[in-house]
file target_37.txt (compact mmCIF, C-alpha atoms)
# COMPACT_ATOMS: atom_id res chain seq x y z
CA ALA A 1 0.33 -20.78 -11.79
CA GLU A 2 1.72 -24.04 -10.41
CA ALA A 3 3.95 -22.07 -8.04
CA GLU A 4 1.14 -19.75 -6.96
CA LYS A 5 -0.06 -21.51 -3.84
CA ALA A 6 -0.47 -20.50 -0.22
CA LEU A 7 -1.47 -22.35 2.94
CA PHE A 8 -2.48 -20.55 6.13
CA GLU A 9 -2.94 -22.03 9.59
CA MET A 10 -5.15 -19.81 11.74
CA LEU A 11 -6.09 -19.58 15.39
CA PHE A 12 -9.00 -17.52 16.77
CA ASP A 13 -9.56 -16.60 20.40
CA ASN A 14 -12.80 -14.83 21.36
CA GLY A 15 -11.85 -14.59 25.02
CA THR A 16 -13.80 -17.64 26.15
CA GLN A 17 -12.88 -20.28 23.57
CA VAL A 18 -9.90 -20.95 21.31
CA TYR A 19 -10.55 -22.19 17.76
CA ASP A 20 -7.40 -23.78 16.36
CA ASP A 21 -6.41 -26.13 13.50
CA ASN A 22 -8.15 -23.84 11.01
CA LEU A 23 -6.73 -23.92 7.48
CA MET A 24 -7.05 -21.84 4.33
CA TYR A 25 -5.62 -23.00 0.99
CA ILE A 26 -5.39 -20.59 -1.95
CA SER A 27 -4.37 -21.33 -5.54
CA ARG A 28 -5.43 -20.30 -9.03
CA GLU A 29 -7.47 -23.49 -9.38
CA LEU A 30 -9.01 -23.83 -5.92
CA ILE A 31 -9.72 -22.06 -2.65
CA ALA A 32 -10.47 -24.23 0.38
CA ILE A 33 -11.22 -23.41 4.01
CA SER A 34 -11.45 -25.63 7.07
CA PHE A 35 -12.95 -24.64 10.43
CA PRO A 36 -13.40 -27.95 12.32
CA GLU A 37 -15.16 -26.36 15.30
CA LEU A 38 -17.72 -24.58 13.11
CA PHE A 39 -18.34 -26.78 10.06
CA ASN A 40 -19.29 -30.42 10.72
CA ASP A 41 -20.59 -31.43 7.29
CA ALA A 42 -17.16 -31.59 5.66
CA THR A 43 -13.52 -31.05 6.52
CA PHE A 44 -13.07 -28.50 3.71
CA LEU A 45 -15.44 -26.07 2.03
CA THR A 46 -14.23 -25.21 -1.47
CA ILE A 47 -14.53 -22.39 -3.99
CA ASP A 48 -13.82 -22.83 -7.71
CA PRO A 49 -12.43 -19.51 -9.06
CA ASP A 50 -13.59 -20.40 -12.59
CA THR A 51 -17.25 -20.61 -11.55
CA PHE A 52 -17.20 -18.16 -8.63
CA ALA A 53 -19.13 -15.34 -10.33
CA ASP A 54 -21.81 -17.77 -11.61
CA ASP A 55 -22.11 -19.40 -8.18
CA ILE A 56 -22.62 -16.01 -6.55
CA GLU A 57 -25.31 -15.15 -9.11
CA GLU A 58 -27.16 -18.40 -8.45
CA LEU A 59 -27.41 -17.46 -4.79
CA GLY A 60 -29.60 -14.54 -5.87
CA THR A 61 -27.20 -11.80 -4.81
CA GLU A 62 -27.94 -8.51 -6.59
CA PRO A 63 -26.10 -6.94 -8.24
CA SER A 64 -23.92 -9.85 -9.31
CA LEU A 65 -20.13 -9.69 -9.18
CA PRO A 66 -18.10 -9.00 -12.33
CA SER A 67 -16.85 -12.16 -14.05
CA ASP A 68 -13.23 -11.20 -13.44
CA TYR A 69 -13.70 -10.27 -9.77
CA ILE A 70 -12.01 -13.36 -8.33
CA ASP A 71 -9.20 -13.24 -10.92
CA GLU A 72 -8.34 -9.67 -9.95
CA ALA A 73 -8.43 -10.61 -6.26
CA LEU A 74 -6.01 -13.49 -6.90
CA ASP A 75 -3.78 -11.21 -8.99
CA MET A 76 -3.56 -8.82 -6.05
CA PHE A 77 -2.95 -11.66 -3.58
CA PHE A 78 -0.11 -13.16 -5.65
CA GLY A 79 1.44 -9.76 -6.39
CA LYS A 80 0.36 -9.27 -9.99
CA SER A 81 -0.74 -6.00 -11.54
CA GLU A 82 -3.96 -5.60 -13.47
CA ALA A 83 -2.22 -4.92 -16.79
CA GLY A 84 -0.44 -7.77 -18.50
CA GLY A 85 0.15 -9.83 -15.39
CA LYS A 86 3.28 -7.89 -14.45
CA ASN A 87 4.44 -8.31 -10.88
CA LEU A 88 4.47 -5.34 -8.52
CA ASP A 89 8.27 -4.98 -8.66
CA GLU A 90 8.09 -4.45 -12.43
CA VAL A 91 5.34 -1.88 -12.02
CA ALA A 92 7.36 -0.05 -9.35
CA ALA A 93 10.43 -0.01 -11.63
CA TYR A 94 8.29 1.36 -14.46
CA TYR A 95 7.50 4.46 -12.41
CA ARG A 96 10.81 4.69 -10.53
CA GLU A 97 12.78 4.77 -13.79
CA ALA A 98 10.40 7.37 -15.27
CA LYS A 99 9.47 5.11 -18.18
CA PHE A 100 5.86 6.27 -17.89
CA LEU A 101 7.00 9.77 -18.87
CA GLU A 102 8.15 8.51 -22.25
CA ASP A 103 4.52 8.01 -23.28
CA PHE A 104 3.49 11.66 -23.16
CA ALA A 105 6.50 13.88 -22.43
CA GLU A 106 9.31 15.34 -24.53
CA PHE A 107 12.80 14.42 -23.32
CA SER A 108 15.87 16.62 -23.44
CA HIS A 109 19.38 16.63 -21.96
CA GLY A 110 20.22 19.62 -19.80
CA LYS A 111 23.50 21.11 -18.63
CA SER A 112 25.73 19.50 -16.02
CA VAL A 113 25.58 21.09 -12.58
CA THR A 114 27.40 20.71 -9.26
CA GLU A 115 25.22 20.29 -6.17
CA LYS A 116 25.99 19.71 -2.50
CA ILE A 117 23.85 16.99 -0.88
CA ASN A 118 24.38 15.97 2.76
CA GLY A 119 27.79 17.64 2.81
CA LYS A 120 29.08 15.96 -0.36
CA ARG A 121 29.47 17.60 -3.76
CA TYR A 122 28.17 15.79 -6.83
CA LYS A 123 28.58 16.56 -10.51
CA LEU A 124 25.18 15.84 -11.99
CA ASP A 125 23.76 15.55 -15.50
CA ALA A 126 20.26 16.97 -15.97
CA MET A 127 17.59 15.05 -17.89
CA SER A 128 14.31 16.87 -18.34
CA TYR A 129 10.84 15.72 -19.34
CA VAL A 130 8.40 18.41 -20.50
CA ILE A 131 4.66 17.74 -20.49
CA SER A 132 2.79 20.40 -22.43
CA GLU A 133 -0.08 22.23 -20.76
CA ASP A 134 -2.62 20.62 -23.09
CA ASP A 135 -1.29 17.09 -22.59
CA ALA A 136 -1.10 17.62 -18.83
CA ASN A 137 -4.76 18.67 -18.67
CA ASP A 138 -5.84 15.70 -20.80
CA TYR A 139 -3.90 13.33 -18.53
CA LEU A 140 -5.34 14.98 -15.39
CA GLN A 141 -8.94 14.57 -16.56
CA ASP A 142 -8.32 10.96 -17.64
CA ALA A 143 -6.83 10.19 -14.22
CA LEU A 144 -9.72 11.87 -12.37
CA GLY A 145 -12.23 10.01 -14.54
CA ALA A 146 -10.57 6.67 -13.80
CA TYR A 147 -10.51 7.47 -10.08
CA LYS A 148 -14.19 8.44 -10.12
CA GLN A 149 -15.21 5.21 -11.84
CA GLY A 150 -13.01 3.10 -9.59
CA PHE A 151 -14.46 4.74 -6.50
CA PHE A 152 -18.03 4.18 -7.69
CA ASP A 153 -17.29 0.53 -8.56
CA SER A 154 -15.75 -0.07 -5.12
CA MET A 155 -18.87 1.39 -3.47
CA GLY A 156 -20.95 -1.01 -5.53
CA TYR A 157 -18.91 -4.00 -4.32
CA MET A 158 -19.07 -2.77 -0.72
CA TYR A 159 -22.87 -2.56 -0.74
CA GLN A 160 -23.61 -5.81 -2.61
CA GLY A 161 -27.34 -6.50 -2.46
CA TYR A 162 -28.18 -3.01 -1.23
CA GLU A 163 -29.29 0.09 -3.12
CA LEU A 164 -26.72 2.87 -3.11
CA GLU A 165 -27.97 6.08 -1.50
CA THR A 166 -26.91 8.10 -4.53
CA SER A 167 -27.62 7.35 -8.16
CA GLN A 168 -24.99 7.32 -10.88
CA GLU A 169 -26.28 10.76 -11.99
CA ALA A 170 -25.92 12.26 -8.52
CA PHE A 171 -22.49 10.70 -8.18
CA ASP A 172 -21.39 12.19 -11.51
CA SER A 173 -22.71 15.58 -10.40
CA ALA A 174 -20.64 15.45 -7.20
CA PHE A 175 -17.49 14.84 -9.25
CA ASP A 176 -18.25 17.51 -11.86
CA VAL A 177 -16.32 20.01 -9.76
CA PHE A 178 -13.09 18.24 -10.77
CA SER A 179 -13.73 18.94 -14.44
CA GLY A 180 -13.15 22.61 -13.64
CA ILE A 181 -9.57 22.03 -12.47
CA LYS A 182 -7.04 23.29 -15.03
CA ILE A 183 -3.25 23.17 -15.14
CA LYS A 184 -1.62 26.43 -16.20
CA GLY A 185 1.80 26.11 -17.78
CA ASP A 186 3.93 23.20 -18.93
CA ILE A 187 5.07 20.67 -16.34
CA ILE A 188 8.84 20.23 -16.29
CA ILE A 189 10.26 17.25 -14.41
CA THR A 190 14.06 17.06 -14.13
CA TYR A 191 16.19 14.14 -12.97
CA TYR A 192 19.77 14.91 -11.90
CA VAL A 193 22.02 11.85 -12.30
CA ASP A 194 25.52 11.33 -10.88
CA ARG A 195 28.47 9.61 -12.58
CA ASN A 196 27.34 6.22 -11.23
CA ASP A 197 23.94 6.66 -12.93
CA PHE A 198 22.24 7.20 -9.56
CA VAL A 199 19.43 9.75 -9.43
CA ARG A 200 20.35 12.34 -6.80
CA ILE A 201 17.71 15.06 -7.33
CA ILE A 202 14.19 15.02 -8.74
CA SER A 203 12.53 18.39 -9.22
CA VAL A 204 9.26 19.67 -10.63
CA ASP A 205 9.31 23.31 -11.67
CA GLU A 206 6.53 25.50 -10.35
CA PHE A 207 3.20 25.30 -12.18
CA GLU A 208 -0.28 26.43 -11.25
CA LEU A 209 -3.70 24.90 -10.77
CA SER A 210 -6.82 26.97 -11.32
CA MET A 211 -10.51 26.32 -10.75
CA VAL A 212 -13.02 27.57 -13.27
CA GLY A 213 -15.14 30.29 -11.65
CA GLU A 214 -12.76 30.73 -8.70
CA SER A 215 -10.28 33.55 -8.14
CA GLY A 216 -6.68 32.85 -7.23
CA ASP A 217 -4.42 30.04 -8.40
CA LEU A 218 -2.57 27.38 -6.45
CA ALA A 219 1.17 27.23 -7.19
CA ILE A 220 2.88 23.83 -6.86
CA GLU A 221 6.58 23.02 -6.68
CA PHE A 222 8.45 19.83 -5.72
CA GLU A 223 12.01 18.74 -4.95
CA MET A 224 13.47 15.47 -3.69
CA LEU A 225 17.08 14.94 -2.61
CA LEU A 226 18.53 11.42 -2.48
CA GLY A 227 21.68 11.62 -0.37
CA GLY A 228 22.61 8.07 0.70
CA LYS A 229 26.33 7.45 0.12
CA ASN A 230 26.15 3.85 -1.14
CA ASN A 231 22.44 3.63 -1.84
CA PRO A 232 20.83 7.01 -2.65
CA THR A 233 17.45 5.96 -1.22
CA ASP A 234 18.98 5.41 2.24
CA ASP A 235 18.66 9.16 2.84
CA ILE A 236 15.74 11.03 1.27
CA SER A 237 14.38 14.51 1.82
CA ALA A 238 11.34 15.69 -0.15
CA ILE A 239 9.33 18.92 -0.07
CA LEU A 240 6.07 19.69 -1.86
CA THR A 241 5.42 23.43 -1.68
CA LEU A 242 1.90 24.83 -2.11
CA SER A 243 1.26 28.55 -2.20
CA ALA A 244 -1.82 30.69 -2.80
CA GLU A 245 -2.76 34.29 -2.12
CA GLY A 246 0.50 35.05 -0.35
CA GLU A 247 0.48 32.05 2.00
CA GLU A 248 2.73 29.01 1.71
CA VAL A 249 2.51 25.47 3.10
CA GLU A 250 5.13 22.73 2.85
CA LEU A 251 4.34 19.03 2.86
CA GLY A 252 7.55 17.18 3.57
CA MET A 253 9.13 13.80 4.17
CA ASP A 254 12.51 12.87 5.64
CA TRP A 255 13.73 9.29 5.44
CA GLU A 256 17.00 7.77 6.69
CA GLN A 257 18.06 4.16 7.08
CA SER A 258 21.32 2.30 7.68
CA PHE A 259 22.71 -1.17 8.29
CA GLU A 260 25.97 -1.21 10.21
CA ARG A 261 27.57 -3.96 12.32
CA GLY A 262 24.39 -5.99 12.13
CA VAL A 263 22.12 -3.20 13.35
CA PHE A 264 19.36 -1.97 11.05
CA LYS A 265 18.00 1.51 11.77
CA ARG A 266 15.26 3.49 10.08
CA GLU A 267 13.88 6.94 10.87
CA SER A 268 11.21 8.77 8.92
CA GLU A 269 9.01 11.81 9.35
CA VAL A 270 6.16 13.26 7.35
CA PHE A 271 5.07 16.77 8.18
CA ILE A 272 2.99 19.78 7.23
CA ASP A 273 4.62 23.13 7.92
CA GLY A 274 2.77 26.43 7.54
CA GLU A 275 3.93 29.96 8.12
CA ARG A 276 2.59 29.92 11.68
CA LYS A 277 4.00 27.69 14.42
CA GLU A 278 0.62 26.17 15.28
CA GLU A 279 0.29 24.92 11.69
CA TYR A 280 3.12 22.38 12.12
CA LEU A 281 1.87 18.77 12.17
CA SER A 282 4.02 15.66 12.00
CA ALA A 283 4.17 11.89 12.27
CA THR A 284 7.43 10.06 12.95
CA PHE A 285 8.54 6.44 12.73
CA GLU A 286 11.70 5.08 14.35
CA MET A 287 12.90 1.49 14.23
CA GLU A 288 16.02 -0.34 15.42
CA TRP A 289 16.76 -4.05 15.01
CA ASP A 290 20.00 -5.66 16.24
CA THR A 291 20.18 -8.77 14.06
CA LYS A 292 23.15 -10.16 16.00
CA ASP A 293 21.43 -10.09 19.39
CA LYS A 294 19.94 -13.58 19.92
CA MET A 295 19.56 -13.41 23.72
CA GLY A 296 16.72 -10.97 24.36
CA ASP A 297 14.61 -8.17 22.96
CA ASN A 298 16.40 -6.88 19.88
CA PHE A 299 13.64 -4.97 18.11
CA GLU A 300 11.91 -1.67 18.82
CA ALA A 301 9.61 0.39 16.61
CA VAL A 302 7.83 3.60 17.59
CA LEU A 303 5.15 5.44 15.60
CA SER A 304 4.16 8.81 17.03
CA PHE A 305 1.80 11.60 16.06
CA GLY A 306 1.75 15.17 17.29
CA GLY A 307 4.97 15.39 19.29
CA GLU A 308 5.54 14.65 23.00
CA ASN A 309 1.89 14.81 24.10
CA GLY A 310 0.49 13.06 21.05
CA PHE A 311 -0.48 9.51 20.15
CA VAL A 312 2.25 6.82 20.34
CA ILE A 313 2.34 3.18 19.25
CA GLU A 314 5.38 1.16 20.34
CA VAL A 315 6.31 -2.43 19.45
CA THR A 316 9.14 -4.32 21.16
CA GLY A 317 10.26 -7.94 21.11
CA ALA A 318 12.75 -10.49 19.82
CA LEU A 319 12.85 -10.71 16.01
CA THR A 320 14.71 -13.53 14.29
CA ASP A 321 14.89 -13.84 10.52
CA GLY A 322 16.12 -17.21 9.28
CA LYS A 323 16.40 -18.70 5.80
CA SER A 324 13.00 -20.37 5.94
CA GLU A 325 11.32 -18.89 9.01
CA THR A 326 10.81 -15.50 10.63
CA THR A 327 9.76 -15.37 14.28
CA PHE A 328 8.77 -12.57 16.65
CA LYS A 329 8.73 -13.59 20.32
CA ASP A 330 7.92 -11.82 23.59
CA GLY A 331 6.18 -9.12 21.57
CA LYS A 332 4.57 -6.16 23.32
CA LEU A 333 2.34 -3.60 21.65
CA ARG A 334 1.99 -0.45 23.75
CA ILE A 335 -0.48 2.30 22.90
CA ASP A 336 -0.18 5.70 24.58
CA ASP A 337 -3.15 7.92 23.74
CA GLY A 338 -1.95 10.81 25.88
CA TYR A 339 -4.14 9.79 28.82
CA SER A 340 -2.94 6.30 29.70
CA GLU A 341 0.29 4.39 29.08
CA ASN A 342 -1.02 1.02 30.29
CA ASN A 343 -2.60 -0.15 27.03
CA ILE A 344 -0.33 -3.14 26.41
CA ILE A 345 -0.96 -6.22 24.25
CA ASP A 346 1.32 -9.28 24.42
CA PHE A 347 1.74 -11.29 21.20
CA GLU A 348 3.97 -13.70 19.27
CA CYS A 349 3.99 -14.72 15.62
CA SER A 350 5.98 -16.65 13.05
CA ILE A 351 6.08 -17.02 9.27
CA SER A 352 7.55 -20.08 7.53
CA MET A 353 8.44 -20.35 3.86
CA ILE A 354 7.11 -23.49 2.18
CA ASP A 355 8.05 -24.80 -1.25
CA PRO A 356 4.85 -24.69 -3.36
CA LYS A 357 5.54 -28.30 -4.35
CA ASP A 358 5.06 -29.30 -0.71
CA ILE A 359 1.70 -27.56 -0.36
CA SER A 360 -1.24 -29.93 -0.74
CA ILE A 361 -4.50 -30.76 1.00
CA ASP A 362 -6.69 -33.84 1.19
CA LEU A 363 -10.06 -33.01 -0.38
CA GLU A 364 -11.63 -36.44 0.06
CA ASP A 365 -13.99 -35.01 2.69
CA SER A 366 -15.01 -31.72 1.06
CA MET A 367 -17.97 -29.93 -0.44
CA SER A 368 -18.58 -26.71 -2.31
CA LEU A 369 -19.07 -23.64 -0.12
CA PHE A 370 -22.12 -22.71 -2.19
CA ASP A 371 -23.63 -26.19 -1.80
CA TYR A 372 -23.09 -25.84 1.92
CA ILE A 373 -24.85 -22.44 1.96
CA GLU A 374 -27.83 -23.88 0.06
CA LYS A 375 -27.97 -26.79 2.48
CA ILE A 376 -28.04 -24.45 5.48
CA GLU A 377 -30.77 -22.37 3.86
CA GLU A 378 -32.89 -25.50 3.21
CA GLN A 379 -32.45 -26.64 6.82
CA SER A 380 -33.46 -23.20 8.15
CA MET A 381 -36.67 -23.27 6.07
CA GLN A 382 -37.70 -26.54 7.72
CA PHE A 383 -37.94 -24.89 11.14

call {"tool": "encode", "arguments": {"input": "target_37.txt", "output": "structure tokens"}}
result
Amino acid sequence: AEAEKALFEMLFDNGTQVYDDNLMYISRELIAISFPELFNDATFLTIDPDTFADDIEELGTEPSLPSDYIDEALDMFFGKSEAGGKNLDEVAAYYREAKFLEDFAEFSHGKSVTEKINGKRYKLDAMSYVISEDDANDYLQDALGAYKQGFFDSMGYMYQGYELETSQEAFDSAFDVFSGIKIKGDIIITYYVDRNDFVRIISVDEFELSMVGESGDLAIEFEMLLGGKNNPTDDISAILTLSAEGEEVELGMDWEQSFERGVFKRESEVFIDGERKEEYLSATFEMEWDTKDKMGDNFEAVLSFGGENGFVIEVTGALTDGKSETTFKDGKLRIDDGYSENNIIDFECSISMIDPKDISIDLEDSMSLFDYIEKIEEQSMQF
């Protein structure tokens, strides 16, 4: 916790006045904010995470926040997961390495196969995980139940102090439709691993989803190819195939990145492809950064939707990444909505790394944020 500190310096410009020298300090023990142009009673207004929920309740806000609300917010801010305080990298590895499958799937070694990926032949060992139909349905309903509760809780936080338009009973009724979703058949997930222990193919055999009371089933199939030569994830192609009543739709993703002679490139596309030409929809992202170019604009990123006549967002500028500071100068954000190409925003930004030991603030002139709110309320009642 000692190393979990952050200090932000902020500037706000409303078009007529610039508010600078604003600070925000965040740690496990204290949160402090300073807006000199707005708050005259003290340099810093503070929040104690340990008493935050009680302080909110004393203000008379209904319904009150959960006691662990601020702790979960700080966990998210400092990159910790909800379970066991694991960081996000550990959580990502847990799913990337398929460890989650060990909890409810049966593992088996398959036969070796030879596959051609991006023009190169690989000898691959198959490792399969089989989730039985019953276990798959139990897991599906548990996941849907958790999503439903999480969604309802988030709506409660969003409308603090206000009555939700729908009751818990009505909300449950709206989600009852999901209880009728059933998985038909076992789910078989197979990882194909090369001689260097790199995963080169991930496939999910076709299975079906049915809805109680509805005719026709939805067939689902998935395959991902990882074809990067040195790093498999440098070149990824994935297709999720959905088919029902004789029609088929593919949801796909292509991803390619490289770093050669100091130039980093990335291209990606997500798309939906139906059997008719007009059903094709896509979004593409292209980025190029010449890390060796220190003289001018060396960065360009373009996000586009819907092809040539669609919506385009382009960012250009000079990006420099040092050991302790990252800067982006002469930045231009261009938005082309298909009607006008003159929507341009100029910007610059920088991020500096600071040793947590060097982060400190002087709280001699400070007061609790909640004391400040009560003071303002008392002053307003006098008028």

call {"tool": "residues_near_point", "arguments": {"input": "target_37.txt", "point": "(18.7, -1.9, 19.8)", "cutoff": "8 Å", "atoms": "only C-alpha atoms", "output": "list in words"}}
result
Val263, Glu288, Trp289, Asp290, Asn298, Phe299 and Glu300 of chain A

call {"tool": "residues_around", "arguments": {"input": "target_37.txt", "residues": "Glu286 of chain A", "least_positions_apart": "6", "cutoff": "12 Å", "atoms": "all atoms listed in the file", "output": "number ranges by chain"}}
result
A: 254-257, 264-269, 299-305, 312-316

call {"tool": "residues_near_point", "arguments": {"input": "target_37.txt", "point": "(6.0, -22.1, -2.9)", "cutoff": "12 Å", "atoms": "all atoms listed in the file", "output": "list in words"}}
result
Ala1, Glu2, Ala3, Glu4, Lys5, Ala6, Leu7, Ile26, Ser27, Phe78, Ser324, Ser352, Met353, Ile354, Asp355, Pro356, Lys357, Asp358, Ile359 and Ser360 of chain A

call {"tool": "write_last_selection", "arguments": {"input": "target_37.txt", "atoms": "C-alpha atoms", "output": "CSV table (one decimal), keeping the file's coordinate frame"}}
result
chain,number,residue,atom,x,y,z
A,1,ALA,CA,0.3,-20.8,-11.8
A,2,GLU,CA,1.7,-24.0,-10.4
A,3,ALA,CA,4.0,-22.1,-8.0
A,4,GLU,CA,1.1,-19.8,-7.0
A,5,LYS,CA,-0.1,-21.5,-3.8
A,6,ALA,CA,-0.5,-20.5,-0.2
A,7,LEU,CA,-1.5,-22.4,2.9
A,26,ILE,CA,-5.4,-20.6,-2.0
A,27,SER,CA,-4.4,-21.3,-5.5
A,78,PHE,CA,-0.1,-13.2,-5.6
A,324,SER,CA,13.0,-20.4,5.9
A,352,SER,CA,7.6,-20.1,7.5
A,353,MET,CA,8.4,-20.4,3.9
A,354,ILE,CA,7.1,-23.5,2.2
A,355,ASP,CA,8.0,-24.8,-1.2
A,356,PRO,CA,4.8,-24.7,-3.4
A,357,LYS,CA,5.5,-28.3,-4.4
A,358,ASP,CA,5.1,-29.3,-0.7
A,359,ILE,CA,1.7,-27.6,-0.4
A,360,SER,CA,-1.2,-29.9,-0.7

call {"tool": "closest_residue", "arguments": {"input": "target_37.txt", "among": "A:Asp55, A:Ala318, A:Ala105, A:Ile201", "to": "Ala126 of chain A", "atoms": "only C-alpha atoms"}}
result
A:Ile201

call {"tool": "atom_distance", "arguments": {"input": "target_37.txt", "atom1": "atom CA of Lys332 of chain A", "atom2": "atom CA of Gly310 of chain A"}}
result
19.8 Å

call {"tool": "closest_residue", "arguments": {"input": "target_37.txt", "among": "A:Asp54, A:Thr16, A:Asp103, A:Leu11", "to": "Ser34 of chain A", "atoms": "all atoms listed in the file"}}
result
A:Leu11

call {"tool": "atom_distance", "arguments": {"input": "target_37.txt", "atom1": "atom CA of Tyr69 of chain A", "atom2": "atom CA of Phe175 of chain A"}}
result
25.4 Å

call {"tool": "residues_around", "arguments": {"input": "target_37.txt", "residues": "Ile220 of chain A", "least_positions_apart": "5", "cutoff": "7 Å", "atoms": "only C-alpha atoms", "output": "PDB file with C-alpha atoms, keeping the file's coordinate frame"}}
result
ATOM      1  CA  GLU A 206       6.530  25.500 -10.350  1.00  0.00           C
ATOM      2  CA  PHE A 207       3.200  25.300 -12.180  1.00  0.00           C
ATOM      3  CA  GLU A 208      -0.280  26.430 -11.250  1.00  0.00           C
ATOM      4  CA  THR A 241       5.420  23.430  -1.680  1.00  0.00           C
ATOM      5  CA  LEU A 242       1.900  24.830  -2.110  1.00  0.00           C
ATOM      6  CA  SER A 243       1.260  28.550  -2.200  1.00  0.00           C
TER       7      SER A 243
END

call {"tool": "closest_residue", "arguments": {"input": "target_37.txt", "among": "A:Glu275, A:Glu247, A:Glu260, A:Asp365", "to": "Asn40 of chain A", "atoms": "only C-alpha atoms"}}
result
A:Asp365

call {"tool": "atom_distance", "arguments": {"input": "target_37.txt", "atom1": "atom CA of Ala73 of chain A", "atom2": "atom CA of Thr46 of chain A"}}
result
16.4 Å

call {"tool": "residues_around", "arguments": {"input": "target_37.txt", "residues": "Ala136 of chain A", "least_positions_apart": "5", "cutoff": "10 Å", "atoms": "all atoms listed in the file", "output": "MDAnalysis selection string"}}
result
chainID A and resid 104:105 130:131 141:142 182:187

call {"tool": "write_last_selection", "arguments": {"input": "target_37.txt", "atoms": "C-alpha atoms", "output": "JSON list (two decimals), in the coordinates of the input"}}
result
[["chain", "number", "residue", "atom", "x", "y", "z"],
["A", 104, "PHE", "CA", 3.49, 11.66, -23.16],
["A", 105, "ALA", "CA", 6.50, 13.88, -22.43],
["A", 130, "VAL", "CA", 8.40, 18.41, -20.50],
["A", 131, "ILE", "CA", 4.66, 17.74, -20.49],
["A", 141, "GLN", "CA", -8.94, 14.57, -16.56],
["A", 142, "ASP", "CA", -8.32, 10.96, -17.64],
["A", 182, "LYS", "CA", -7.04, 23.29, -15.03],
["A", 183, "ILE", "CA", -3.25, 23.17, -15.14],
["A", 184, "LYS", "CA", -1.62, 26.43, -16.20],
["A", 185, "GLY", "CA", 1.80, 26.11, -17.78],
["A", 186, "ASP", "CA", 3.93, 23.20, -18.93],
["A", 187, "ILE", "CA", 5.07, 20.67, -16.34]]

call {"tool": "residues_around", "arguments": {"input": "target_37.txt", "residues": "Arg200 of chain A", "least_positions_apart": "2", "cutoff": "6 Å", "atoms": "all atoms listed in the file", "output": "PyMOL selection string"}}
result
chain A and resi 192-193+225-226

call {"tool": "write_last_selection", "arguments": {"input": "target_37.txt", "atoms": "C-alpha atoms", "output": "PDB file, in the frame of the given file"}}
result
ATOM      1  CA  TYR A 192      19.770  14.910 -11.900  1.00  0.00           C
ATOM      2  CA  VAL A 193      22.020  11.850 -12.300  1.00  0.00           C
ATOM      3  CA  LEU A 225      17.080  14.940  -2.610  1.00  0.00           C
ATOM      4  CA  LEU A 226      18.530  11.420  -2.480  1.00  0.00           C
TER       5      LEU A 226
END

call {"tool": "closest_residue", "arguments": {"input": "target_37.txt", "among": "A:Asp197, A:Glu325, A:Glu250, A:Glu245", "to": "Ile272 of chain A", "atoms": "all atoms listed in the file"}}
result
A:Glu250

call {"tool": "residues_around", "arguments": {"input": "target_37.txt", "residues": "Gly227 of chain A", "least_positions_apart": "6", "cutoff": "7 Å", "atoms": "all atoms listed in the file", "output": "list in words"}}
result
Ile117, Asn118, Arg200, Asp235 and Ile236 of chain A
